[in-house]
$ cat target-v3.txt   # compact mmCIF, C-alpha atoms and all ligand atoms
# COMPACT_ATOMS: atom_id res chain seq x y z
CA MET A 771 22.70 313.76 36.98
CA ASN A 772 21.35 314.64 40.34
CA ASP A 773 21.34 316.69 43.45
CA ALA A 774 24.83 316.35 44.89
CA SER A 775 23.75 316.93 48.46
CA LYS A 776 21.45 313.94 48.71
CA PRO A 777 22.95 311.47 51.16
CA THR A 778 22.56 307.77 50.48
CA LYS A 779 23.77 304.62 52.22
CA ILE A 780 27.39 304.61 53.29
CA LYS A 781 29.40 301.61 52.21
CA PHE A 782 32.25 301.73 54.70
CA GLU A 783 32.62 302.91 58.24
CA TYR A 784 33.28 306.58 58.85
CA GLU A 785 30.85 307.45 61.61
CA ASP A 786 32.26 309.45 64.40
CA ASP A 787 31.68 308.36 67.92
CA ASP A 788 33.75 310.81 69.86
CA ASP A 789 33.00 314.36 70.90
CA GLU A 790 34.90 316.06 68.08
CA THR A 791 32.20 316.35 65.49
CA ILE A 792 32.49 318.25 62.26
CA GLU A 793 29.17 319.97 61.92
CA GLN A 794 28.86 320.53 58.23
CA VAL A 795 28.13 318.00 55.56
CA ALA A 796 29.76 317.98 52.14
CA THR A 797 27.59 319.38 49.39
CA GLY A 798 29.21 317.49 46.55
CA SER A 799 31.00 320.37 44.86
CA SER A 800 34.38 319.68 43.30
CA ASN A 801 37.85 320.25 44.76
CA LEU A 802 39.75 321.42 41.72
CA ASP A 803 39.36 323.81 38.86
CA GLU A 804 39.80 322.40 35.38
CA ASP A 805 43.25 323.79 34.87
CA SER A 806 44.37 323.87 38.46
CA THR A 807 47.75 322.66 39.65
CA MET A 808 49.53 322.44 42.99
CA CYS A 809 52.63 324.35 44.04
CA GLU A 810 53.66 327.96 43.76
CA PRO A 811 56.20 328.45 40.95
CA ALA A 812 59.23 330.59 41.71
CA ASP A 813 58.95 332.85 38.67
CA ALA A 814 56.20 334.81 36.98
CA ASP A 815 56.04 332.63 33.83
CA LYS A 816 53.28 330.38 34.97
CA THR A 817 52.18 327.48 32.80
CA SER A 818 48.68 326.05 33.12
CA ALA A 819 50.19 323.33 35.28
CA ASP A 820 51.39 325.91 37.78
CA TYR A 821 47.85 326.98 38.52
CA TYR A 822 47.36 323.56 40.02
CA PHE A 823 49.61 324.44 42.93
CA ASP A 824 48.09 327.92 43.17
CA SER A 825 44.64 326.53 43.70
CA TYR A 826 45.80 324.85 46.92
CA SER A 827 47.07 328.18 48.26
CA HIS A 828 43.53 329.48 48.74
CA PHE A 829 41.53 328.28 51.74
CA GLY A 830 38.43 327.58 49.63
CA ILE A 831 39.66 324.26 48.28
CA HIS A 832 40.71 323.16 51.78
CA GLU A 833 37.33 324.18 53.18
CA GLU A 834 35.69 321.96 50.59
CA MET A 835 37.93 318.99 51.42
CA LEU A 836 37.55 319.42 55.18
CA LYS A 837 33.77 319.63 54.84
CA ASP A 838 33.75 316.39 52.86
CA VAL A 839 32.95 314.42 55.99
CA VAL A 840 33.09 311.05 54.27
CA ARG A 841 36.69 311.80 53.39
CA THR A 842 37.89 313.59 56.49
CA LYS A 843 36.09 311.50 59.11
CA THR A 844 37.37 308.30 57.55
CA TYR A 845 40.94 309.53 58.02
CA GLN A 846 40.07 310.73 61.53
CA ASN A 847 38.60 307.36 62.48
CA VAL A 848 41.50 305.46 60.96
CA ILE A 849 43.87 307.46 63.12
CA TYR A 850 41.90 307.80 66.37
CA LYS A 851 40.70 304.20 66.42
CA ASN A 852 44.13 302.75 65.63
CA THR A 853 46.38 304.68 67.98
CA PHE A 854 48.48 301.49 68.35
CA LEU A 855 49.75 302.20 64.81
CA PHE A 856 50.86 305.75 65.66
CA LYS A 857 52.17 305.54 69.22
CA ASP A 858 55.82 306.71 69.26
CA LYS A 859 56.05 306.55 65.45
CA ILE A 860 57.51 309.04 62.99
CA VAL A 861 54.93 310.12 60.42
CA LEU A 862 55.28 311.88 57.08
CA ASP A 863 52.16 313.73 55.88
CA VAL A 864 52.52 314.09 52.10
CA GLY A 865 50.67 317.22 50.97
CA ALA A 866 49.54 318.40 54.39
CA GLY A 867 47.32 321.32 53.30
CA THR A 868 45.92 322.83 56.50
CA GLY A 869 47.74 320.15 58.49
CA ILE A 870 44.57 318.33 59.51
CA LEU A 871 45.95 314.79 59.07
CA SER A 872 49.14 315.74 60.94
CA LEU A 873 47.05 317.08 63.83
CA PHE A 874 45.06 313.84 63.95
CA CYS A 875 48.33 311.85 64.04
CA ALA A 876 49.86 314.06 66.74
CA LYS A 877 46.75 313.69 68.86
CA ALA A 878 46.90 309.92 68.40
CA GLY A 879 50.36 309.85 70.01
CA ALA A 880 52.82 310.05 67.11
CA LYS A 881 56.38 310.78 68.24
CA HIS A 882 56.93 313.29 65.45
CA VAL A 883 55.05 314.35 62.31
CA TYR A 884 56.65 315.96 59.27
CA ALA A 885 53.95 317.88 57.42
CA VAL A 886 55.11 318.69 53.88
CA GLU A 887 53.08 321.17 51.86
CA CYS A 888 54.20 323.04 48.76
CA SER A 889 51.46 325.66 48.45
CA GLN A 890 51.15 328.89 50.45
CA MET A 891 48.82 326.97 52.75
CA ALA A 892 52.00 325.71 54.46
CA ASP A 893 52.23 329.09 56.24
CA MET A 894 48.73 328.64 57.60
CA ALA A 895 49.53 325.06 58.62
CA LYS A 896 52.46 326.37 60.67
CA GLU A 897 50.16 328.83 62.45
CA ILE A 898 47.50 326.19 62.98
CA VAL A 899 50.00 323.76 64.49
CA LYS A 900 51.22 326.49 66.86
CA ALA A 901 47.73 327.68 67.80
CA ASN A 902 46.82 324.13 68.80
CA GLY A 903 49.95 323.56 70.87
CA TYR A 904 51.59 320.92 68.67
CA SER A 905 54.74 322.80 67.64
CA ASN A 906 56.93 320.31 69.50
CA VAL A 907 55.39 317.32 67.67
CA ILE A 908 54.61 318.62 64.16
CA THR A 909 57.20 320.20 61.86
CA VAL A 910 55.69 321.88 58.82
CA LEU A 911 58.04 321.93 55.83
CA LYS A 912 57.15 324.20 52.93
CA GLY A 913 58.20 322.81 49.57
CA LYS A 914 57.73 320.03 47.07
CA ILE A 915 58.30 316.54 48.40
CA GLU A 916 60.52 315.89 45.40
CA GLU A 917 62.73 318.89 46.18
CA LEU A 918 63.28 318.89 49.92
CA GLU A 919 65.20 316.89 52.48
CA LEU A 920 63.69 315.61 55.71
CA PRO A 921 65.59 316.08 58.98
CA VAL A 922 65.33 312.30 59.51
CA PRO A 923 66.57 309.47 57.25
CA GLN A 924 63.42 307.34 57.62
CA VAL A 925 59.78 307.50 58.64
CA ASP A 926 57.52 304.74 60.00
CA ILE A 927 54.26 305.91 58.43
CA ILE A 928 53.32 307.83 55.30
CA ILE A 929 49.85 309.34 55.31
CA SER A 930 48.39 311.28 52.40
CA GLU A 931 45.15 312.32 50.79
CA TRP A 932 46.36 312.26 47.18
CA MET A 933 43.27 311.04 45.29
CA GLY A 934 42.02 313.10 42.36
CA TYR A 935 38.92 312.90 40.21
CA PHE A 936 38.75 309.51 38.50
CA LEU A 937 41.26 308.57 41.23
CA LEU A 938 44.25 309.40 39.04
CA TYR A 939 43.62 312.93 37.79
CA GLU A 940 46.29 315.31 39.25
CA ASN A 941 48.69 312.39 39.50
CA MET A 942 49.70 313.10 43.05
CA LEU A 943 50.06 309.35 43.51
CA ASP A 944 53.54 309.61 41.98
CA THR A 945 54.53 312.00 44.79
CA VAL A 946 53.40 309.50 47.43
CA LEU A 947 55.29 306.66 45.73
CA TYR A 948 58.38 308.87 45.51
CA ALA A 949 58.19 309.61 49.26
CA ARG A 950 57.59 305.93 50.04
CA ASP A 951 60.65 304.79 48.10
CA LYS A 952 62.85 307.50 49.56
CA TRP A 953 61.91 307.57 53.24
CA LEU A 954 59.65 304.74 54.34
CA VAL A 955 61.33 302.25 56.68
CA ASN A 956 61.16 298.53 55.83
CA ASN A 957 57.78 297.25 57.02
CA GLY A 958 56.56 300.84 57.29
CA ILE A 959 52.94 301.59 56.42
CA VAL A 960 51.24 303.74 53.82
CA LEU A 961 47.80 305.19 54.61
CA PRO A 962 45.62 304.54 52.69
CA ASP A 963 47.20 301.42 51.21
CA ASN A 964 44.52 300.34 48.79
CA ALA A 965 42.62 302.07 45.97
CA SER A 966 40.21 300.48 43.49
CA LEU A 967 38.62 301.82 40.34
CA TYR A 968 35.14 300.66 39.26
CA LEU A 969 32.96 300.98 36.17
CA THR A 970 29.20 300.84 35.64
CA ALA A 971 26.69 301.99 32.98
CA ILE A 972 23.84 304.49 33.26
CA GLU A 973 20.74 305.76 31.54
CA ASP A 974 21.26 309.51 31.15
CA ALA A 975 19.18 310.75 28.21
CA GLU A 976 18.34 314.12 29.68
CA TYR A 977 21.84 315.17 30.64
CA LYS A 978 23.48 313.81 27.48
CA GLU A 979 21.00 315.90 25.50
CA ASP A 980 21.85 318.97 27.57
CA LYS A 981 25.65 318.59 27.64
CA ILE A 982 26.50 316.84 24.36
CA GLU A 983 23.72 317.02 21.76
CA PHE A 984 23.15 320.69 22.62
CA TRP A 985 26.00 321.60 20.26
CA ASN A 986 24.24 320.11 17.21
CA ASN A 987 21.81 322.99 17.04
CA VAL A 988 22.56 326.22 18.88
CA TYR A 989 19.92 328.84 18.08
CA GLY A 990 19.62 327.18 14.67
CA PHE A 991 23.38 326.90 14.00
CA ASP A 992 25.50 323.76 13.68
CA MET A 993 28.21 323.78 16.37
CA SER A 994 28.78 320.05 16.28
CA CYS A 995 32.56 320.56 16.09
CA ILE A 996 32.30 321.49 19.78
CA ARG A 997 30.21 318.37 20.43
CA LYS A 998 33.27 316.34 19.37
CA GLN A 999 35.30 318.09 22.06
CA SER A 1000 32.65 317.93 24.76
CA ILE A 1001 32.13 314.19 24.41
CA MET A 1002 35.88 313.66 24.86
CA GLU A 1003 35.87 315.34 28.26
CA PRO A 1004 34.72 313.11 31.10
CA LEU A 1005 32.15 314.93 33.19
CA VAL A 1006 32.60 315.03 36.96
CA ASP A 1007 29.13 314.95 38.45
CA THR A 1008 26.87 312.98 40.75
CA VAL A 1009 24.87 310.09 39.38
CA ASP A 1010 21.61 308.91 40.94
CA GLN A 1011 21.77 305.23 41.74
CA ASN A 1012 18.41 304.76 39.97
CA GLN A 1013 20.17 305.56 36.71
CA ILE A 1014 22.42 302.51 37.01
CA VAL A 1015 21.50 299.88 34.41
CA THR A 1016 24.20 297.21 34.92
CA ASN A 1017 26.37 295.66 37.60
CA CYS A 1018 29.40 297.56 38.89
CA GLN A 1019 32.66 296.04 37.72
CA LEU A 1020 36.02 296.27 39.45
CA LEU A 1021 38.56 297.54 36.89
CA LYS A 1022 41.77 297.83 38.87
CA THR A 1023 43.05 297.53 42.42
CA MET A 1024 46.23 299.27 43.49
CA ASP A 1025 48.33 298.36 46.51
CA ILE A 1026 49.91 301.71 47.35
CA SER A 1027 52.50 300.07 49.61
CA LYS A 1028 53.90 297.94 46.77
CA MET A 1029 52.92 299.35 43.37
CA THR A 1030 55.19 301.28 41.03
CA SER A 1031 54.31 304.49 39.23
CA GLY A 1032 53.89 302.54 35.99
CA ASP A 1033 51.09 300.46 37.52
CA ALA A 1034 48.86 303.54 37.37
CA SER A 1035 48.78 303.11 33.56
CA PHE A 1036 46.88 299.99 32.60
CA THR A 1037 44.33 298.28 30.37
CA ALA A 1038 41.50 296.49 32.16
CA PRO A 1039 38.74 294.38 30.59
CA PHE A 1040 35.12 294.75 31.70
CA LYS A 1041 31.77 293.05 31.30
CA LEU A 1042 28.72 295.06 32.31
CA VAL A 1043 25.56 292.93 32.50
CA ALA A 1044 22.20 294.72 32.21
CA GLU A 1045 19.94 294.28 35.23
CA ARG A 1046 16.86 295.56 33.34
CA ASP A 1047 15.71 296.58 29.83
CA ASP A 1048 16.93 300.14 29.34
CA TYR A 1049 19.09 302.54 27.33
CA ILE A 1050 22.73 303.23 28.13
CA HIS A 1051 24.08 306.71 27.46
CA ALA A 1052 27.27 306.68 29.46
CA LEU A 1053 29.72 304.62 31.46
CA VAL A 1054 30.54 305.85 34.94
CA ALA A 1055 33.81 305.41 36.82
CA TYR A 1056 34.40 305.85 40.55
CA PHE A 1057 36.83 304.65 43.19
CA ASP A 1058 37.07 303.26 46.72
CA VAL A 1059 40.00 303.61 49.08
CA ALA A 1060 40.80 301.33 52.01
CA PHE A 1061 43.08 301.27 55.03
CA THR A 1062 43.68 297.54 55.36
CA VAL A 1063 46.19 297.74 58.21
CA CYS A 1064 43.56 299.03 60.64
CA HIS A 1065 42.30 296.82 63.44
CA LYS A 1066 38.95 296.85 61.60
CA MET A 1067 39.17 297.38 57.85
CA THR A 1068 38.16 300.99 57.13
CA GLY A 1069 37.66 303.00 53.97
CA PHE A 1070 35.18 304.88 51.84
CA SER A 1071 33.59 304.73 48.44
CA THR A 1072 32.96 307.53 45.96
CA GLY A 1073 30.38 305.43 44.11
CA PRO A 1074 26.80 306.41 43.25
CA LYS A 1075 25.30 304.01 45.80
CA THR A 1076 26.97 305.68 48.78
CA ARG A 1077 26.89 309.14 50.31
CA ASN A 1078 28.39 311.68 47.94
CA THR A 1079 31.90 313.01 48.29
CA HIS A 1080 33.53 316.01 46.62
CA TRP A 1081 34.97 313.58 44.04
CA LYS A 1082 31.44 312.80 42.77
CA GLN A 1083 31.64 310.30 39.89
CA THR A 1084 33.23 310.50 36.43
CA VAL A 1085 30.83 310.17 33.49
CA LEU A 1086 32.03 309.07 30.05
CA TYR A 1087 29.35 309.67 27.41
CA LEU A 1088 28.99 307.17 24.57
CA GLU A 1089 28.64 308.25 20.93
CA ASP A 1090 25.58 306.05 20.40
CA VAL A 1091 22.68 305.23 22.66
CA LEU A 1092 22.82 301.51 23.49
CA THR A 1093 19.45 299.71 23.65
CA ILE A 1094 20.08 296.86 26.04
CA CYS A 1095 17.89 294.01 27.31
CA GLU A 1096 18.12 292.42 30.75
CA GLY A 1097 20.93 289.84 30.82
CA GLU A 1098 22.78 291.23 27.80
CA SER A 1099 26.23 292.68 28.34
CA VAL A 1100 28.47 295.48 27.19
CA VAL A 1101 31.98 294.06 27.00
CA GLY A 1102 35.22 295.88 26.36
CA SER A 1103 38.31 297.36 27.93
CA MET A 1104 39.46 300.62 29.42
CA THR A 1105 43.01 301.88 28.94
CA VAL A 1106 44.20 304.56 31.34
CA SER A 1107 47.49 306.42 30.87
CA GLN A 1108 49.25 309.63 31.82
CA ASN A 1109 49.14 312.28 29.14
CA LYS A 1110 52.62 312.62 27.64
CA LYS A 1111 52.60 316.42 27.49
CA ASN A 1112 51.03 317.07 30.88
CA PRO A 1113 51.48 314.13 33.26
CA ARG A 1114 48.72 315.50 35.52
CA ASP A 1115 46.18 314.87 32.73
CA VAL A 1116 44.75 311.41 32.14
CA ASP A 1117 44.09 309.81 28.75
CA ILE A 1118 41.37 307.18 28.63
CA THR A 1119 40.59 304.82 25.74
CA LEU A 1120 37.31 302.96 25.92
CA LYS A 1121 36.64 299.96 23.68
CA TYR A 1122 33.17 298.49 23.95
CA SER A 1123 30.70 296.34 22.10
CA LEU A 1124 27.15 295.16 22.54
CA ASN A 1125 25.82 292.25 20.57
CA GLY A 1126 22.16 292.37 21.61
CA GLN A 1127 18.71 291.57 20.29
CA ARG A 1128 17.91 295.21 19.62
CA CYS A 1129 21.32 296.78 19.22
CA VAL A 1130 24.64 295.70 17.72
CA ILE A 1131 27.47 298.18 18.25
CA SER A 1132 31.25 298.11 18.50
CA ARG A 1133 33.29 301.23 19.03
CA THR A 1134 36.45 302.84 20.42
CA GLN A 1135 36.33 306.27 22.06
CA GLN A 1136 39.07 308.50 23.40
CA TYR A 1137 38.70 310.73 26.44
CA LYS A 1138 40.97 313.19 28.18
CA MET A 1139 40.65 314.44 31.77
CA ARG A 1140 42.13 317.91 31.98
N1 LIG B 1201 46.18 316.63 53.63
C1 LIG B 1201 45.26 317.72 53.41
C2 LIG B 1201 45.31 318.28 51.98
C3 LIG B 1201 45.06 317.26 50.89
S1 LIG B 1201 45.06 317.98 49.25
C4 LIG B 1201 43.86 317.28 53.76
O1 LIG B 1201 43.65 316.07 53.84
O2 LIG B 1201 42.97 318.11 53.92
C5 LIG B 1201 46.67 317.65 48.68
C6 LIG B 1201 47.72 318.68 49.12
O3 LIG B 1201 48.97 318.20 48.65
C7 LIG B 1201 47.53 320.05 48.53
O4 LIG B 1201 47.50 321.01 49.57
C8 LIG B 1201 48.75 320.26 47.62
O5 LIG B 1201 49.22 321.58 47.59
C9 LIG B 1201 49.76 319.29 48.24
N2 LIG B 1201 50.76 318.75 47.31
C10 LIG B 1201 50.52 318.21 46.08
N3 LIG B 1201 51.65 317.78 45.50
C11 LIG B 1201 52.65 318.06 46.37
C12 LIG B 1201 54.08 317.87 46.34
N4 LIG B 1201 54.66 317.32 45.28
N5 LIG B 1201 54.80 318.27 47.41
C13 LIG B 1201 54.19 318.83 48.48
N6 LIG B 1201 52.86 319.04 48.57
C14 LIG B 1201 52.09 318.66 47.53

$ encode --input "target-v3.txt" --output "structure tokens"
Amino acid sequence: MNDASKPTKIKFEYEDDDDETIEQVATGSSNLDEDSTMCEPADADKTSADYYFDSYSHFGIHEEMLKDVVRTKTYQNVIYKNTFLFKDKIVLDVGAGTGILSLFCAKAGAKHVYAVECSQMADMAKEIVKANGYSNVITVLKGKIEELELPVPQVDIIISEWMGYFLLYENMLDTVLYARDKWLVNNGIVLPDNASLYLTAIEDAEYKEDKIEFWNNVYGFDMSCIRKQSIMEPLVDTVDQNQIVTNCQLLKTMDISKMTSGDASFTAPFKLVAERDDYIHALVAYFDVAFTVCHKMTGFSTGPKTRNTHWKQTVLYLEDVLTICEGESVVGSMTVSQNKKNPRDVDITLKYSLNGQRCVISRTQQYKMR
């Protein structure tokens, strides 16, 4: 695990070439608390899921997202450099937060933008829209997408920044698909329209020792029952690209304009081929998103070989240390599904085996993002 603020090469375009620069650079901290949720519940009996919506009511989480320049500038470039997409169009911003994406769309010439936000931040978005003179173009609607009606029957464009850790944690994708099926006009566009999940393997002796094996001997006491829990929780952190031992394998690509909610649960096979002799302590997942309808294909990666984003990477520690030789491969499959009790949580099953010169191992491990 490494310094989150260290910038590396950027895979896709997000440079800004106009005068509206965002000065600060993301520092790689996360955008959600472990038990956070999204919208303000009406009554006082809050469940852990309700805290999700609460967390978006505070400006801190929005500050973090806005300062993630890889994220925000990609959206800005997509909009400002493709004004032909927005000119005279009706846009729906799903989960508008501060209203930043709506403001970009309004500036790019959209006819009208409906900015839907369920947290208290909607009140701020209204003020922000007014302060910037866009009240006649942007209508902020406070409420859950699933619970409100739009003043128009159809929209031409749906824009949203719905991605969670490990792409699917938070499960806001369902909200975007719901809005698409309810309001998007035939041949309308969804931005972004493509998301892909990748897997690779890393050497991570030091951090595995610190986070997992630590519980085996705590001031001389056996706390290994907690080790069992800690290894089941994927760790969101930045990985140094020098730790990568194998190739990076594409697990799953999603076409947001066509997929169904069920497509977000899947089993994908993988084959990770070692590029050097080393040890493997963990598998690492990350995602890319793309806006394929742009004049020039645009997007960004949250992988370890590109500049860090607030999503970092997701590290899944393995029970055993794999001793792998160059050219050998770890083969297996990853199953991803929504947790039945809390659909915002993600269950992951990892099956893997290595049949190498120095190590023969076959195992199944369960993980839960929560
Ligand atoms: N578009 C903003 C905020 C993105 S974060 C930006 O790019 O900076 C996602 C936002 O979606 C959060 O503010 C959250 O409160 C909101 N949200 C999540 N689920 C929602 C739902 N079902 N209905 C309305 N808003 C939702």

$ atom_distance --input "target-v3.txt" --atom1 "atom CA of Cys1095 of chain A" --atom2 "atom CA of Gln1013 of chain A"
15.1 Å

$ closest_residue --input "target-v3.txt" --among "A:Phe1061, A:Phe874, A:Tyr989, A:Phe856" --to "ligand LIG 1201 (chain B)" --atoms "all atoms listed in the file"
A:Phe874

$ atom_distance --input "target-v3.txt" --atom1 "atom CA of Gln890 of chain A" --atom2 "atom CA of Tyr826 of chain A"
7.6 Å

$ residues_near_point --input "target-v3.txt" --point "(57.3, 307.2, 67.1)" --cutoff "8 Å" --atoms "all atoms listed in the file" --output "list in words"
Phe856, Lys857, Asp858, Lys859, Ile860, Val861, Gly879, Ala880, Lys881, His882 and Asp926 of chain A

$ closest_atom_pairs --input "target-v3.txt" --of "chain A" --to "ligand LIG 1201 (chain B)" --cutoff "8 Å" --atoms "all atoms listed in the file" --output "tab-separated table"
residue	atom	partner	partner_atom	distance
A:Met808	CA	B:LIG1201	O5	4.7
A:Cys809	CA	B:LIG1201	O5	5.6
A:Phe823	CA	B:LIG1201	O5	5.5
A:Asp824	CA	B:LIG1201	O5	7.8
A:Ser825	CA	B:LIG1201	O5	7.8
A:Tyr826	CA	B:LIG1201	O5	4.8
A:Ser827	CA	B:LIG1201	O5	7.0
A:His832	CA	B:LIG1201	O2	5.9
A:Met835	CA	B:LIG1201	O2	5.7
A:Leu836	CA	B:LIG1201	O2	5.7
A:Thr842	CA	B:LIG1201	O1	6.8
A:Asp863	CA	B:LIG1201	N1	7.0
A:Val864	CA	B:LIG1201	N6	6.1
A:Gly865	CA	B:LIG1201	O3	3.0
A:Ala866	CA	B:LIG1201	N1	3.9
A:Gly867	CA	B:LIG1201	O4	3.7
A:Thr868	CA	B:LIG1201	C1	6.0
A:Gly869	CA	B:LIG1201	C1	6.2
A:Ile870	CA	B:LIG1201	O2	5.8
A:Leu871	CA	B:LIG1201	N1	5.7
A:Ser872	CA	B:LIG1201	N1	7.9
A:Val886	CA	B:LIG1201	C13	5.5
A:Glu887	CA	B:LIG1201	N6	3.9
A:Cys888	CA	B:LIG1201	C13	4.2
A:Ser889	CA	B:LIG1201	O5	4.7
A:Met891	CA	B:LIG1201	O4	6.9
A:Lys912	CA	B:LIG1201	C13	7.6
A:Gly913	CA	B:LIG1201	C13	5.8
A:Lys914	CA	B:LIG1201	N5	3.4
A:Ile915	CA	B:LIG1201	N5	4.0
A:Glu916	CA	B:LIG1201	N4	6.0
A:Ser930	CA	B:LIG1201	N1	5.9
A:Glu931	CA	B:LIG1201	C3	4.9
A:Trp932	CA	B:LIG1201	C5	5.6
A:Met942	CA	B:LIG1201	N3	5.6
A:Thr945	CA	B:LIG1201	N4	5.3

$ write_last_selection --input "target-v3.txt" --atoms "C-alpha atoms" --output "short mmCIF file (atom, residue, chain, number, x, y, z; two decimals), keeping the file's coordinate frame"
data_model
loop_
_atom_site.label_atom_id
_atom_site.label_comp_id
_atom_site.auth_asym_id
_atom_site.auth_seq_id
_atom_site.Cartn_x
_atom_site.Cartn_y
_atom_site.Cartn_z
CA MET A 808 49.53 322.44 42.99
CA CYS A 809 52.63 324.35 44.04
CA PHE A 823 49.61 324.44 42.93
CA ASP A 824 48.09 327.92 43.17
CA SER A 825 44.64 326.53 43.70
CA TYR A 826 45.80 324.85 46.92
CA SER A 827 47.07 328.18 48.26
CA HIS A 832 40.71 323.16 51.78
CA MET A 835 37.93 318.99 51.42
CA LEU A 836 37.55 319.42 55.18
CA THR A 842 37.89 313.59 56.49
CA ASP A 863 52.16 313.73 55.88
CA VAL A 864 52.52 314.09 52.10
CA GLY A 865 50.67 317.22 50.97
CA ALA A 866 49.54 318.40 54.39
CA GLY A 867 47.32 321.32 53.30
CA THR A 868 45.92 322.83 56.50
CA GLY A 869 47.74 320.15 58.49
CA ILE A 870 44.57 318.33 59.51
CA LEU A 871 45.95 314.79 59.07
CA SER A 872 49.14 315.74 60.94
CA VAL A 886 55.11 318.69 53.88
CA GLU A 887 53.08 321.17 51.86
CA CYS A 888 54.20 323.04 48.76
CA SER A 889 51.46 325.66 48.45
CA MET A 891 48.82 326.97 52.75
CA LYS A 912 57.15 324.20 52.93
CA GLY A 913 58.20 322.81 49.57
CA LYS A 914 57.73 320.03 47.07
CA ILE A 915 58.30 316.54 48.40
CA GLU A 916 60.52 315.89 45.40
CA SER A 930 48.39 311.28 52.40
CA GLU A 931 45.15 312.32 50.79
CA TRP A 932 46.36 312.26 47.18
CA MET A 942 49.70 313.10 43.05
CA THR A 945 54.53 312.00 44.79
#

$ residues_around --input "target-v3.txt" --residues "Asn906 of chain A" --least-positions-apart "3" --cutoff "10 Å" --atoms "all atoms listed in the file" --output "PyMOL selection string"
chain A and resi 876+881-883+899-900+903+909

$ residues_around --input "target-v3.txt" --residues "Ser1107 of chain A" --least-positions-apart "2" --cutoff "8 Å" --atoms "only C-alpha atoms" --output "tab-separated table (two decimals) with C-alpha atoms, in the coordinates of the input"
chain	number	residue	atom	x	y	z
A	1034	ALA	CA	48.86	303.54	37.37
A	1035	SER	CA	48.78	303.11	33.56
A	1036	PHE	CA	46.88	299.99	32.60
A	1105	THR	CA	43.01	301.88	28.94
A	1109	ASN	CA	49.14	312.28	29.14
A	1116	VAL	CA	44.75	311.41	32.14
A	1117	ASP	CA	44.09	309.81	28.75
A	1118	ILE	CA	41.37	307.18	28.63

$ residues_near_point --input "target-v3.txt" --point "(49.7, 299.4, 33.8)" --cutoff "12 Å" --atoms "all atoms listed in the file" --output "MDAnalysis selection string"
chainID A and resid 1021:1024 1029:1038 1104:1108

$ write_last_selection --input "target-v3.txt" --atoms "C-alpha atoms" --output "PDB file, keeping the file's coordinate frame"
ATOM      1  CA  LEU A1021      38.560 297.540  36.890  1.00  0.00           C
ATOM      2  CA  LYS A1022      41.770 297.830  38.870  1.00  0.00           C
ATOM      3  CA  THR A1023      43.050 297.530  42.420  1.00  0.00           C
ATOM      4  CA  MET A1024      46.230 299.270  43.490  1.00  0.00           C
ATOM      5  CA  MET A1029      52.920 299.350  43.370  1.00  0.00           C
ATOM      6  CA  THR A1030      55.190 301.280  41.030  1.00  0.00           C
ATOM      7  CA  SER A1031      54.310 304.490  39.230  1.00  0.00           C
ATOM      8  CA  GLY A1032      53.890 302.540  35.990  1.00  0.00           C
ATOM      9  CA  ASP A1033      51.090 300.460  37.520  1.00  0.00           C
ATOM     10  CA  ALA A1034      48.860 303.540  37.370  1.00  0.00           C
ATOM     11  CA  SER A1035      48.780 303.110  33.560  1.00  0.00           C
ATOM     12  CA  PHE A1036      46.880 299.990  32.600  1.00  0.00           C
ATOM     13  CA  THR A1037      44.330 298.280  30.370  1.00  0.00           C
ATOM     14  CA  ALA A1038      41.500 296.490  32.160  1.00  0.00           C
ATOM     15  CA  MET A1104      39.460 300.620  29.420  1.00  0.00           C
ATOM     16  CA  THR A1105      43.010 301.880  28.940  1.00  0.00           C
ATOM     17  CA  VAL A1106      44.200 304.560  31.340  1.00  0.00           C
ATOM     18  CA  SER A1107      47.490 306.420  30.870  1.00  0.00           C
ATOM     19  CA  GLN A1108      49.250 309.630  31.820  1.00  0.00           C
TER      20      GLN A1108
END

$ residues_around --input "target-v3.txt" --residues "Gln1011 of chain A" --least-positions-apart "5" --cutoff "9 Å" --atoms "all atoms listed in the file" --output "PDB file with C-alpha atoms, in the frame of the given file"
ATOM      1  CA  ILE A 972      23.840 304.490  33.260  1.00  0.00           C
ATOM      2  CA  GLY A1073      30.380 305.430  44.110  1.00  0.00           C
ATOM      3  CA  PRO A1074      26.800 306.410  43.250  1.00  0.00           C
ATOM      4  CA  LYS A1075      25.300 304.010  45.800  1.00  0.00           C
ATOM      5  CA  THR A1076      26.970 305.680  48.780  1.00  0.00           C
TER       6      THR A1076
END

$ closest_residue --input "target-v3.txt" --among "A:Cys1064, A:Cys1129, A:Ile831, A:Leu937" --to "Asn852 of chain A" --atoms "all atoms listed in the file"
A:Cys1064

$ closest_residue --input "target-v3.txt" --among "A:Val955, A:Asp980, A:Asn941, A:Glu897" --to "Pro923 of chain A" --atoms "all atoms listed in the file"
A:Val955

$ closest_residue --input "target-v3.txt" --among "A:Met993, A:Glu1089, A:Ala878, A:Glu919" --to "Leu855 of chain A" --atoms "all atoms listed in the file"
A:Ala878

$ axis_aligned_box --input "target-v3.txt" --around "segment 1135-1140 of chain A" --padding-each-side "8 Å" --output "JSON"
{"center_x": 39.2, "center_y": 312.1, "center_z": 27.0, "size_x": 21.8, "size_y": 27.6, "size_z": 25.9}

$ residues_around --input "target-v3.txt" --residues "Val910 of chain A" --least-positions-apart "4" --cutoff "7 Å" --atoms "all atoms listed in the file" --output "ChimeraX atom specification"
/A:884-886,892,895-896

$ write_last_selection --input "target-v3.txt" --atoms "C-alpha atoms" --output "PDB file, keeping the file's coordinate frame"
ATOM      1  CA  TYR A 884      56.650 315.960  59.270  1.00  0.00           C
ATOM      2  CA  ALA A 885      53.950 317.880  57.420  1.00  0.00           C
ATOM      3  CA  VAL A 886      55.110 318.690  53.880  1.00  0.00           C
ATOM      4  CA  ALA A 892      52.000 325.710  54.460  1.00  0.00           C
ATOM      5  CA  ALA A 895      49.530 325.060  58.620  1.00  0.00           C
ATOM      6  CA  LYS A 896      52.460 326.370  60.670  1.00  0.00           C
TER       7      LYS A 896
END
